[in-house]
Amino acid sequence: MSAIGIVSSCSCLRPGAWLLKPGMQKMSSFGLHTAARCAAKDYYEVLVLGGGAGGITMSARMKRKVGAGNVAVVEPSKTHYYQPLWTLVGGGAKQLATSARPTGSVMPKGVEWIKSRVTALDPDKNCVWLENDIKISYKYLIIALGISLHYEKIKGLPEGFHHPKIGSNYSVHTVEKTWKALQDFKEGNAIFTFPNTPVKCAGAPQKIMYLSEAYWRKTGRRSKANIMFNTSLGVIFGVKKYADALLEIIKERNIAVNYKRNLVEVRADKQEAVFENLDKPGVTEVHQYEMLHVTPPMGPPDVLINSPVSDEIGWVDLDKETLQHKKYPNVFGIGDCTNLPTSKTAAAVAAQSAVLDKTISLVMKNQLPTKKYDGYTSCPLVTGYNKVILAEFDYDAQPLETFPIDQSKERVTMYHMKADMMPFLYWNALLK
């Protein structure tokens, strides 16, 4: 899982209920792993694939059930990123370094860190294959491999990022280029895109647009900016309550939204972006840009495509209420790599981890899972440098709000929760 390819999910942890669960306020004891081996053993009671938010969280929970020495995490990356902060990094409000920690520092103490890549899954034989033909067997498997970014599916990328005026908050390699493009903007079209694929944090592609608009307003360049949001979707947001609020902001700030427009090519040397009209297949339109923010196409990790554990597209095929695999009862999944029909965010991971913990506990006792995941997810929609609309909703796209206020309103308190409280809780609570 390279830094540009797979990173942790969108945004905030559930700000209310999950933090109040018994014991959550007590911080577990974690230690640094200064060295990671390929594999100390060839069998583990619980094997976790992926060291992102879902993988680390579940390995900490499993450690308490079966003992640290019986749990292993397969993760090749040396650095663990809290990617929700990258919206603010791209907008110049946070430093990139604050989003990173050594992977060893977030690995639960005593849990084996297998620093390798998964190359194949064989659930019929209860084993996985790693690089160099290393085989690891398991009793229970948790798949938390995240989501892959596919800049290469847009003609002209990723090489186009070598040119100025183009950035992307979705990659550690390009997020700072967003801030540079934002600062260098003089006048013309500023284009923000949303791809024709599932994405992690569906609100992120437009969050940077609102930050850009606020920055140019503050620096006296707003009147020279023609801000465009070109989205492959037919709506601005999937939950009507929050969509209505966003449309009011868009109207008030004079932002142009073009629906059913999918970025297919970037001509960075000419500062041109080419979009396909999804209502008229094959018909394209070219826009000149002075700034371009790209949200890349995304999909399941390569190792899951055509895997026995995946659906026809490549997402891990789970029961959406229990997070247990539909075919293999000792296989489970969490987070962005699954086919759960909810938005892919770290808030979803937080809610899913509690359900999955209960599910696995009962399965280990040969009992049927009873805890049900309702699809809870959250996306703090950053609409300015001190404003956030906190969207929380379920599988049915119905608001599932934590606070006794109208969360469709822009609030300063929610911004500070997003910018300051959530990173602290991520590192010190969720992962532990």
# chains A, B, ... in the order shown; residues from 1 in each chain; ligands from 1
$ residues_around --residues "stretch 126-139 of chain A" --least-positions-apart "4" --cutoff "10 Å" --atoms "only C-alpha atoms" --output "PDB file with N, CA, C and O atoms, in the first residue's frame"
ATOM      1  N   CYS A  38       9.373  -9.825   8.507  1.00  0.00           N
ATOM      2  CA  CYS A  38       8.492 -10.297   7.444  1.00  0.00           C
ATOM      3  C   CYS A  38       7.383 -11.138   8.052  1.00  0.00           C
ATOM      4  O   CYS A  38       6.236 -10.983   7.721  1.00  0.00           O
ATOM      5  N   ALA A  39       7.706 -12.031   8.972  1.00  0.00           N
ATOM      6  CA  ALA A  39       6.702 -12.795   9.719  1.00  0.00           C
ATOM      7  C   ALA A  39       7.429 -13.621  10.763  1.00  0.00           C
ATOM      8  O   ALA A  39       8.354 -14.366  10.456  1.00  0.00           O
ATOM      9  N   LYS A  41       5.918 -15.830  12.682  1.00  0.00           N
ATOM     10  CA  LYS A  41       5.309 -17.162  12.662  1.00  0.00           C
ATOM     11  C   LYS A  41       4.589 -17.347  11.328  1.00  0.00           C
ATOM     12  O   LYS A  41       4.428 -16.402  10.556  1.00  0.00           O
ATOM     13  N   ASP A  42       4.147 -18.551  11.071  1.00  0.00           N
ATOM     14  CA  ASP A  42       3.398 -18.786   9.839  1.00  0.00           C
ATOM     15  C   ASP A  42       1.912 -19.010  10.121  1.00  0.00           C
ATOM     16  O   ASP A  42       1.151 -19.375   9.238  1.00  0.00           O
ATOM     17  N   TYR A  43       1.505 -18.793  11.409  1.00  0.00           N
ATOM     18  CA  TYR A  43       0.099 -18.936  11.777  1.00  0.00           C
ATOM     19  C   TYR A  43      -0.244 -17.949  12.888  1.00  0.00           C
ATOM     20  O   TYR A  43       0.538 -17.773  13.838  1.00  0.00           O
ATOM     21  N   TYR A  44      -1.405 -17.300  12.744  1.00  0.00           N
ATOM     22  CA  TYR A  44      -1.918 -16.397  13.781  1.00  0.00           C
ATOM     23  C   TYR A  44      -3.399 -16.664  13.972  1.00  0.00           C
ATOM     24  O   TYR A  44      -4.114 -16.975  13.014  1.00  0.00           O
ATOM     25  N   GLU A  45      -3.829 -16.501  15.204  1.00  0.00           N
ATOM     26  CA  GLU A  45      -5.252 -16.688  15.468  1.00  0.00           C
ATOM     27  C   GLU A  45      -6.070 -15.618  14.741  1.00  0.00           C
ATOM     28  O   GLU A  45      -7.115 -15.917  14.163  1.00  0.00           O
ATOM     29  N   VAL A  46      -5.585 -14.384  14.784  1.00  0.00           N
ATOM     30  CA  VAL A  46      -6.236 -13.290  14.048  1.00  0.00           C
ATOM     31  C   VAL A  46      -5.201 -12.627  13.160  1.00  0.00           C
ATOM     32  O   VAL A  46      -4.170 -12.147  13.646  1.00  0.00           O
ATOM     33  N   LEU A  47      -5.465 -12.587  11.865  1.00  0.00           N
ATOM     34  CA  LEU A  47      -4.595 -11.923  10.904  1.00  0.00           C
ATOM     35  C   LEU A  47      -5.343 -10.732  10.326  1.00  0.00           C
ATOM     36  O   LEU A  47      -6.471 -10.867   9.843  1.00  0.00           O
ATOM     37  N   VAL A  48      -4.724  -9.570  10.417  1.00  0.00           N
ATOM     38  CA  VAL A  48      -5.329  -8.338   9.916  1.00  0.00           C
ATOM     39  C   VAL A  48      -4.558  -7.878   8.690  1.00  0.00           C
ATOM     40  O   VAL A  48      -3.329  -7.714   8.745  1.00  0.00           O
ATOM     41  N   LEU A  49      -5.254  -7.651   7.590  1.00  0.00           N
ATOM     42  CA  LEU A  49      -4.626  -7.165   6.367  1.00  0.00           C
ATOM     43  C   LEU A  49      -4.865  -5.671   6.255  1.00  0.00           C
ATOM     44  O   LEU A  49      -5.987  -5.218   6.047  1.00  0.00           O
ATOM     45  N   ASN A  70      -0.899 -13.406  19.418  1.00  0.00           N
ATOM     46  CA  ASN A  70      -1.733 -14.180  18.498  1.00  0.00           C
ATOM     47  C   ASN A  70      -2.352 -13.325  17.392  1.00  0.00           C
ATOM     48  O   ASN A  70      -3.194 -13.796  16.645  1.00  0.00           O
ATOM     49  N   VAL A  71      -1.938 -12.053  17.342  1.00  0.00           N
ATOM     50  CA  VAL A  71      -2.468 -11.125  16.340  1.00  0.00           C
ATOM     51  C   VAL A  71      -1.324 -10.578  15.500  1.00  0.00           C
ATOM     52  O   VAL A  71      -0.257 -10.232  16.030  1.00  0.00           O
ATOM     53  N   ALA A  72      -1.531 -10.510  14.202  1.00  0.00           N
ATOM     54  CA  ALA A  72      -0.530  -9.914  13.309  1.00  0.00           C
ATOM     55  C   ALA A  72      -1.222  -8.982  12.323  1.00  0.00           C
ATOM     56  O   ALA A  72      -2.364  -9.215  11.922  1.00  0.00           O
ATOM     57  N   VAL A  74      -0.550  -7.152   8.587  1.00  0.00           N
ATOM     58  CA  VAL A  74       0.265  -7.083   7.371  1.00  0.00           C
ATOM     59  C   VAL A  74       0.144  -5.678   6.794  1.00  0.00           C
ATOM     60  O   VAL A  74      -0.945  -5.248   6.398  1.00  0.00           O
ATOM     61  N   ILE A 114       3.885  -7.365  10.341  1.00  0.00           N
ATOM     62  CA  ILE A 114       4.496  -8.035   9.199  1.00  0.00           C
ATOM     63  C   ILE A 114       4.622  -7.015   8.079  1.00  0.00           C
ATOM     64  O   ILE A 114       3.634  -6.625   7.454  1.00  0.00           O
ATOM     65  N   LYS A 115       5.841  -6.564   7.859  1.00  0.00           N
ATOM     66  CA  LYS A 115       6.075  -5.489   6.892  1.00  0.00           C
ATOM     67  C   LYS A 115       6.223  -6.090   5.492  1.00  0.00           C
ATOM     68  O   LYS A 115       7.314  -6.322   4.992  1.00  0.00           O
ATOM     69  N   SER A 116       5.083  -6.356   4.888  1.00  0.00           N
ATOM     70  CA  SER A 116       5.061  -6.984   3.574  1.00  0.00           C
ATOM     71  C   SER A 116       3.742  -6.659   2.900  1.00  0.00           C
ATOM     72  O   SER A 116       2.856  -6.048   3.510  1.00  0.00           O
ATOM     73  N   ARG A 117       3.601  -7.063   1.638  1.00  0.00           N
ATOM     74  CA  ARG A 117       2.362  -6.866   0.890  1.00  0.00           C
ATOM     75  C   ARG A 117       1.643  -8.193   0.708  1.00  0.00           C
ATOM     76  O   ARG A 117       2.274  -9.225   0.519  1.00  0.00           O
ATOM     77  N   VAL A 118       0.336  -8.128   0.747  1.00  0.00           N
ATOM     78  CA  VAL A 118      -0.474  -9.304   0.436  1.00  0.00           C
ATOM     79  C   VAL A 118      -0.509  -9.457  -1.084  1.00  0.00           C
ATOM     80  O   VAL A 118      -0.790  -8.495  -1.805  1.00  0.00           O
ATOM     81  N   THR A 119      -0.237 -10.668  -1.566  1.00  0.00           N
ATOM     82  CA  THR A 119      -0.275 -10.902  -3.006  1.00  0.00           C
ATOM     83  C   THR A 119      -1.440 -11.788  -3.432  1.00  0.00           C
ATOM     84  O   THR A 119      -1.832 -11.771  -4.595  1.00  0.00           O
ATOM     85  N   ALA A 120      -2.008 -12.548  -2.496  1.00  0.00           N
ATOM     86  CA  ALA A 120      -3.157 -13.401  -2.825  1.00  0.00           C
ATOM     87  C   ALA A 120      -3.849 -13.844  -1.554  1.00  0.00           C
ATOM     88  O   ALA A 120      -3.220 -13.974  -0.499  1.00  0.00           O
ATOM     89  N   LEU A 121      -5.157 -14.078  -1.666  1.00  0.00           N
ATOM     90  CA  LEU A 121      -5.948 -14.591  -0.538  1.00  0.00           C
ATOM     91  C   LEU A 121      -6.519 -15.948  -0.924  1.00  0.00           C
ATOM     92  O   LEU A 121      -7.038 -16.117  -2.031  1.00  0.00           O
ATOM     93  N   ASP A 122      -6.429 -16.908  -0.007  1.00  0.00           N
ATOM     94  CA  ASP A 122      -6.965 -18.247  -0.236  1.00  0.00           C
ATOM     95  C   ASP A 122      -7.843 -18.630   0.951  1.00  0.00           C
ATOM     96  O   ASP A 122      -7.433 -19.411   1.830  1.00  0.00           O
ATOM     97  N   TYR A 328     -17.561 -16.848   3.721  1.00  0.00           N
ATOM     98  CA  TYR A 328     -16.573 -17.406   4.646  1.00  0.00           C
ATOM     99  C   TYR A 328     -16.820 -16.855   6.055  1.00  0.00           C
ATOM    100  O   TYR A 328     -16.540 -15.685   6.325  1.00  0.00           O
ATOM    101  N   ASN A 330     -15.350 -17.090   8.854  1.00  0.00           N
ATOM    102  CA  ASN A 330     -14.206 -16.656   9.666  1.00  0.00           C
ATOM    103  C   ASN A 330     -13.462 -15.484   9.022  1.00  0.00           C
ATOM    104  O   ASN A 330     -12.348 -15.132   9.424  1.00  0.00           O
ATOM    105  N   VAL A 331     -14.082 -14.876   8.015  1.00  0.00           N
ATOM    106  CA  VAL A 331     -13.493 -13.719   7.325  1.00  0.00           C
ATOM    107  C   VAL A 331     -14.395 -12.504   7.554  1.00  0.00           C
ATOM    108  O   VAL A 331     -15.620 -12.595   7.458  1.00  0.00           O
ATOM    109  N   MET A 364     -16.468 -16.289  17.665  1.00  0.00           N
ATOM    110  CA  MET A 364     -15.472 -17.063  18.411  1.00  0.00           C
ATOM    111  C   MET A 364     -16.108 -18.008  19.426  1.00  0.00           C
ATOM    112  O   MET A 364     -15.512 -19.015  19.805  1.00  0.00           O
TER     113      MET A 364
END
$ residues_around --residues "A:Asp374" --least-positions-apart "4" --cutoff "9 Å" --atoms "only C-alpha atoms" --output "ChimeraX atom specification"
/A:320-321,351,394-396
$ atom_distance --atom1 "atom CA of A:Ala354" --atom2 "atom CA of A:Leu340"
15.4 Å
$ residues_around --residues "A:Phe424" --least-positions-apart "5" --cutoff "12 Å" --atoms "only C-alpha atoms" --output "list in words"
Cys12, Leu13, Pro15, Tyr82, Leu85, Thr98, Ser99, His416, Met417, Lys418, Ala419, Ala429, Leu430, Leu431 and Lys432 of chain A
$ write_last_selection --atoms "N, CA, C and O atoms" --output "mmCIF file, in the first residue's frame"
data_model
loop_
_atom_site.group_PDB
_atom_site.id
_atom_site.type_symbol
_atom_site.label_atom_id
_atom_site.label_comp_id
_atom_site.auth_asym_id
_atom_site.auth_seq_id
_atom_site.Cartn_x
_atom_site.Cartn_y
_atom_site.Cartn_z
ATOM 1 N N CYS A 12 -14.160 12.820 10.356
ATOM 2 C CA CYS A 12 -14.179 12.737 11.806
ATOM 3 C C CYS A 12 -14.685 11.402 12.310
ATOM 4 O O CYS A 12 -15.424 10.709 11.652
ATOM 5 N N LEU A 13 -14.273 11.103 13.541
ATOM 6 C CA LEU A 13 -14.808 9.972 14.255
ATOM 7 C C LEU A 13 -16.160 10.398 14.777
ATOM 8 O O LEU A 13 -16.431 11.579 14.942
ATOM 9 N N PRO A 15 -18.611 11.989 16.737
ATOM 10 C CA PRO A 15 -18.227 12.937 17.769
ATOM 11 C C PRO A 15 -18.874 12.719 19.109
ATOM 12 O O PRO A 15 -18.438 13.257 20.098
ATOM 13 N N TYR A 82 -3.095 10.347 8.835
ATOM 14 C CA TYR A 82 -4.470 10.734 9.137
ATOM 15 C C TYR A 82 -4.900 11.654 8.002
ATOM 16 O O TYR A 82 -4.728 12.867 8.045
ATOM 17 N N LEU A 85 -6.990 15.253 7.521
ATOM 18 C CA LEU A 85 -6.364 16.555 7.717
ATOM 19 C C LEU A 85 -5.919 17.176 6.396
ATOM 20 O O LEU A 85 -5.660 18.384 6.327
ATOM 21 N N THR A 98 1.910 17.186 10.359
ATOM 22 C CA THR A 98 1.044 16.879 11.504
ATOM 23 C C THR A 98 0.091 15.720 11.218
ATOM 24 O O THR A 98 -0.553 15.215 12.140
ATOM 25 N N SER A 99 0.002 15.299 9.958
ATOM 26 C CA SER A 99 -0.902 14.200 9.602
ATOM 27 C C SER A 99 -0.216 12.843 9.610
ATOM 28 O O SER A 99 -0.860 11.830 9.350
ATOM 29 N N HIS A 416 -13.759 23.570 14.728
ATOM 30 C CA HIS A 416 -12.709 23.248 15.691
ATOM 31 C C HIS A 416 -12.725 21.757 16.052
ATOM 32 O O HIS A 416 -11.676 21.163 16.317
ATOM 33 N N MET A 417 -13.898 21.159 16.031
ATOM 34 C CA MET A 417 -13.971 19.721 16.259
ATOM 35 C C MET A 417 -13.239 18.987 15.136
ATOM 36 O O MET A 417 -12.454 18.068 15.384
ATOM 37 N N LYS A 418 -13.489 19.410 13.899
ATOM 38 C CA LYS A 418 -12.848 18.802 12.732
ATOM 39 C C LYS A 418 -11.336 19.028 12.738
ATOM 40 O O LYS A 418 -10.553 18.103 12.509
ATOM 41 N N ALA A 419 -10.930 20.263 12.998
ATOM 42 C CA ALA A 419 -9.524 20.640 12.838
ATOM 43 C C ALA A 419 -8.658 20.261 14.029
ATOM 44 O O ALA A 419 -7.461 19.975 13.855
ATOM 45 N N ALA A 429 -7.506 7.770 20.716
ATOM 46 C CA ALA A 429 -8.672 6.973 21.127
ATOM 47 C C ALA A 429 -9.014 5.892 20.119
ATOM 48 O O ALA A 429 -8.929 4.710 20.413
ATOM 49 N N LEU A 430 -9.376 6.284 18.896
ATOM 50 C CA LEU A 430 -9.825 5.287 17.914
ATOM 51 C C LEU A 430 -8.773 4.211 17.670
ATOM 52 O O LEU A 430 -9.072 3.026 17.729
ATOM 53 N N LEU A 431 -7.542 4.614 17.388
ATOM 54 C CA LEU A 431 -6.505 3.631 17.057
ATOM 55 C C LEU A 431 -6.154 2.741 18.251
ATOM 56 O O LEU A 431 -5.531 1.696 18.082
ATOM 57 N N LYS A 432 -6.558 3.164 19.437
ATOM 58 C CA LYS A 432 -6.188 2.402 20.633
ATOM 59 C C LYS A 432 -7.369 1.636 21.215
ATOM 60 O O LYS A 432 -7.240 1.041 22.265
#
$ residues_around --residues "stretch 191-203 of chain A" --least-positions-apart "5" --cutoff "6 Å" --atoms "only C-alpha atoms" --output "list in words"
Cys10, Met228, Phe229, Asn230, Thr231, Ser232, Asn262, Leu292, His293, Val294, Thr295, Pro297, Met298, Lys344 and Thr345 of chain A
$ closest_residue --among "A:Val382, A:Ala204, A:Val111, A:Ala144" --to "A:Arg64" --atoms "only C-alpha atoms"
A:Val111
$ closest_residue --among "A:Gly55, A:Met422, A:Lys240, A:Lys153" --to "A:Ser408" --atoms "only C-alpha atoms"
A:Lys240
$ atom_distance --atom1 "atom CA of A:His80" --atom2 "atom CA of A:Gly104"
8.6 Å
$ residues_around --residues "A:Gly333" --least-positions-apart "6" --cutoff "9 Å" --atoms "only C-alpha atoms" --output "ChimeraX atom specification"
/A:54,141-145,316-318,323-325,356
$ atom_distance --atom1 "atom CA of A:Ala68" --atom2 "atom CA of A:Gly50"
16.6 Å
$ select_by_dssp --residues "stretch 65-312 of chain A" --states "helix (DSSP H, G or I)" --output "NGL selection string"
:A and (65-66 or 68-70 or 83-90 or 96-99 or 103-106 or 123-125 or 131-133 or 151-153 or 159-162 or 175-184 or 204-218 or 222-224 or 240-252 or 302-304)
$ residues_around --residues "A:Pro102" --least-positions-apart "6" --cutoff "9 Å" --atoms "only C-alpha atoms" --output "list of chain:residue names"
A:Leu32, A:Ser77, A:Lys78, A:Thr79, A:His80, A:Tyr81
$ write_last_selection --atoms "C-alpha atoms" --output "compact mmCIF listing (two decimals), in the first residue's frame"
# COMPACT_ATOMS: atom_id res chain seq x y z
CA LEU A 32 6.93 1.76 19.53
CA SER A 77 4.08 1.26 4.71
CA LYS A 78 6.46 2.85 7.20
CA THR A 79 4.18 5.85 7.70
CA HIS A 80 0.58 6.01 8.87
CA TYR A 81 -1.39 9.06 7.70
$ residues_around --residues "A:Tyr170" --least-positions-apart "3" --cutoff "8 Å" --atoms "only C-alpha atoms" --output "short mmCIF file (atom, residue, chain, number, x, y, z; two decimals) with all heavy atoms, in the first residue's frame"
data_model
loop_
_atom_site.label_atom_id
_atom_site.label_comp_id
_atom_site.auth_asym_id
_atom_site.auth_seq_id
_atom_site.Cartn_x
_atom_site.Cartn_y
_atom_site.Cartn_z
N ILE A 4 0.74 6.98 -2.12
CA ILE A 4 -0.14 7.59 -3.12
C ILE A 4 -1.33 6.71 -3.42
O ILE A 4 -2.34 7.16 -3.93
CB ILE A 4 0.64 7.89 -4.43
CG1 ILE A 4 -0.17 8.88 -5.29
CG2 ILE A 4 0.95 6.63 -5.21
CD1 ILE A 4 0.60 9.43 -6.44
N GLN A 83 -5.45 11.04 6.96
CA GLN A 83 -5.71 11.77 5.73
C GLN A 83 -6.81 12.83 5.82
O GLN A 83 -6.78 13.79 5.06
CB GLN A 83 -6.05 10.80 4.59
CG GLN A 83 -5.91 11.45 3.24
CD GLN A 83 -6.93 10.95 2.25
OE1 GLN A 83 -7.62 9.98 2.51
NE2 GLN A 83 -7.02 11.62 1.13
N TRP A 86 -5.82 16.36 5.34
CA TRP A 86 -5.28 16.88 4.09
C TRP A 86 -6.17 17.93 3.43
O TRP A 86 -5.68 18.73 2.64
CB TRP A 86 -4.99 15.72 3.13
CG TRP A 86 -3.84 14.87 3.60
CD1 TRP A 86 -3.03 15.11 4.69
CD2 TRP A 86 -3.36 13.67 3.01
NE1 TRP A 86 -2.10 14.12 4.80
CE2 TRP A 86 -2.27 13.22 3.80
CE3 TRP A 86 -3.75 12.91 1.91
CZ2 TRP A 86 -1.57 12.06 3.50
CZ3 TRP A 86 -3.05 11.76 1.61
CH2 TRP A 86 -1.96 11.33 2.40
N THR A 174 0.80 15.19 -3.61
CA THR A 174 0.21 16.30 -4.38
C THR A 174 -0.59 17.28 -3.53
O THR A 174 -1.02 18.31 -4.04
CB THR A 174 -0.71 15.75 -5.48
OG1 THR A 174 -1.72 14.91 -4.90
CG2 THR A 174 0.08 14.94 -6.51
N VAL A 175 -0.81 16.98 -2.25
CA VAL A 175 -1.66 17.84 -1.43
C VAL A 175 -1.05 19.22 -1.24
O VAL A 175 -1.76 20.24 -1.26
CB VAL A 175 -1.99 17.17 -0.08
CG1 VAL A 175 -0.74 16.89 0.74
CG2 VAL A 175 -2.96 18.03 0.72
N THR A 295 -9.85 15.15 -8.03
CA THR A 295 -10.19 13.99 -7.20
C THR A 295 -10.09 12.77 -8.10
O THR A 295 -10.82 12.67 -9.09
CB THR A 295 -11.60 14.11 -6.62
OG1 THR A 295 -11.68 15.30 -5.83
CG2 THR A 295 -11.93 12.91 -5.75
N PRO A 296 -9.17 11.85 -7.83
CA PRO A 296 -8.92 10.76 -8.77
C PRO A 296 -10.00 9.69 -8.75
O PRO A 296 -10.70 9.52 -7.74
CB PRO A 296 -7.60 10.18 -8.26
CG PRO A 296 -7.65 10.41 -6.78
CD PRO A 296 -8.31 11.75 -6.63
#
$ closest_residue --among "A:Trp179, A:Phe393, A:Tyr151, A:Phe237" --to "A:Ile208" --atoms "only C-alpha atoms"
A:Trp179
$ select_by_dssp --residues "stretch 86-305 of chain A" --states "strand (DSSP E or B)" --output "NGL selection string"
:A and (100-102 or 112-114 or 118-122 or 127-130 or 134-143 or 148-149 or 155 or 166-167 or 188-194 or 200 or 225-231 or 256-258 or 261-267 or 272-277 or 284-288 or 291-293 or 298-299)
$ decode --residues "stretch 180-237 of chain A" --atoms "C-alpha atoms" --output "short mmCIF file (atom, residue, chain, number, x, y, z; two decimals), in the first residue's frame"
data_model
loop_
_atom_site.label_atom_id
_atom_site.label_comp_id
_atom_site.auth_asym_id
_atom_site.auth_seq_id
_atom_site.Cartn_x
_atom_site.Cartn_y
_atom_site.Cartn_z
CA LYS A 180 0.72 26.30 -3.94
CA ALA A 181 -1.82 26.51 -6.80
CA LEU A 182 -4.27 28.25 -4.49
CA GLN A 183 -1.69 30.87 -3.51
CA ASP A 184 -0.44 31.41 -7.07
CA PHE A 185 -3.93 31.93 -8.52
CA LYS A 186 -4.34 35.30 -10.26
CA GLU A 187 -7.50 35.15 -12.36
CA GLY A 188 -9.50 32.75 -14.52
CA ASN A 189 -11.18 29.37 -14.04
CA ALA A 190 -10.69 27.43 -10.83
CA ILE A 191 -12.02 23.90 -11.41
CA PHE A 192 -12.73 21.23 -8.81
CA THR A 193 -13.64 17.68 -9.87
CA PHE A 194 -15.53 14.62 -8.62
CA PRO A 195 -14.89 11.30 -10.46
CA ASN A 196 -17.29 8.70 -11.82
CA THR A 197 -16.34 6.08 -9.21
CA PRO A 198 -16.89 5.47 -5.50
CA VAL A 199 -14.65 7.79 -3.46
CA LYS A 200 -13.59 8.07 0.14
CA CYS A 201 -15.20 11.06 1.81
CA ALA A 202 -17.64 12.23 -0.81
CA GLY A 203 -17.57 15.73 0.65
CA ALA A 204 -13.82 16.29 0.31
CA PRO A 205 -13.83 17.24 -3.40
CA GLN A 206 -15.94 20.30 -2.62
CA LYS A 207 -14.44 21.17 0.78
CA ILE A 208 -11.27 22.50 -0.88
CA MET A 209 -13.47 24.54 -3.23
CA TYR A 210 -15.08 26.37 -0.32
CA LEU A 211 -11.69 26.95 1.31
CA SER A 212 -10.31 28.31 -1.97
CA GLU A 213 -13.25 30.68 -2.36
CA ALA A 214 -12.75 31.94 1.19
CA TYR A 215 -9.01 32.40 0.67
CA TRP A 216 -9.48 34.40 -2.52
CA ARG A 217 -12.15 36.49 -0.86
CA LYS A 218 -9.76 37.24 2.00
CA THR A 219 -6.90 38.12 -0.37
CA GLY A 220 -8.99 40.28 -2.71
CA ARG A 221 -8.97 37.97 -5.73
CA ARG A 222 -12.46 36.51 -5.52
CA SER A 223 -13.89 38.78 -8.22
CA LYS A 224 -11.32 37.46 -10.68
CA ALA A 225 -12.09 33.79 -10.01
CA ASN A 226 -14.67 31.76 -11.92
CA ILE A 227 -15.15 28.82 -9.58
CA MET A 228 -16.53 25.61 -11.12
CA PHE A 229 -17.45 22.29 -9.51
CA ASN A 230 -17.58 19.63 -12.22
CA THR A 231 -19.07 16.49 -10.72
CA SER A 232 -19.96 13.14 -12.25
CA LEU A 233 -22.94 12.98 -9.91
CA GLY A 234 -26.42 14.32 -10.49
CA VAL A 235 -26.64 15.91 -7.03
CA ILE A 236 -24.33 18.04 -4.90
CA PHE A 237 -24.56 15.64 -1.93
#
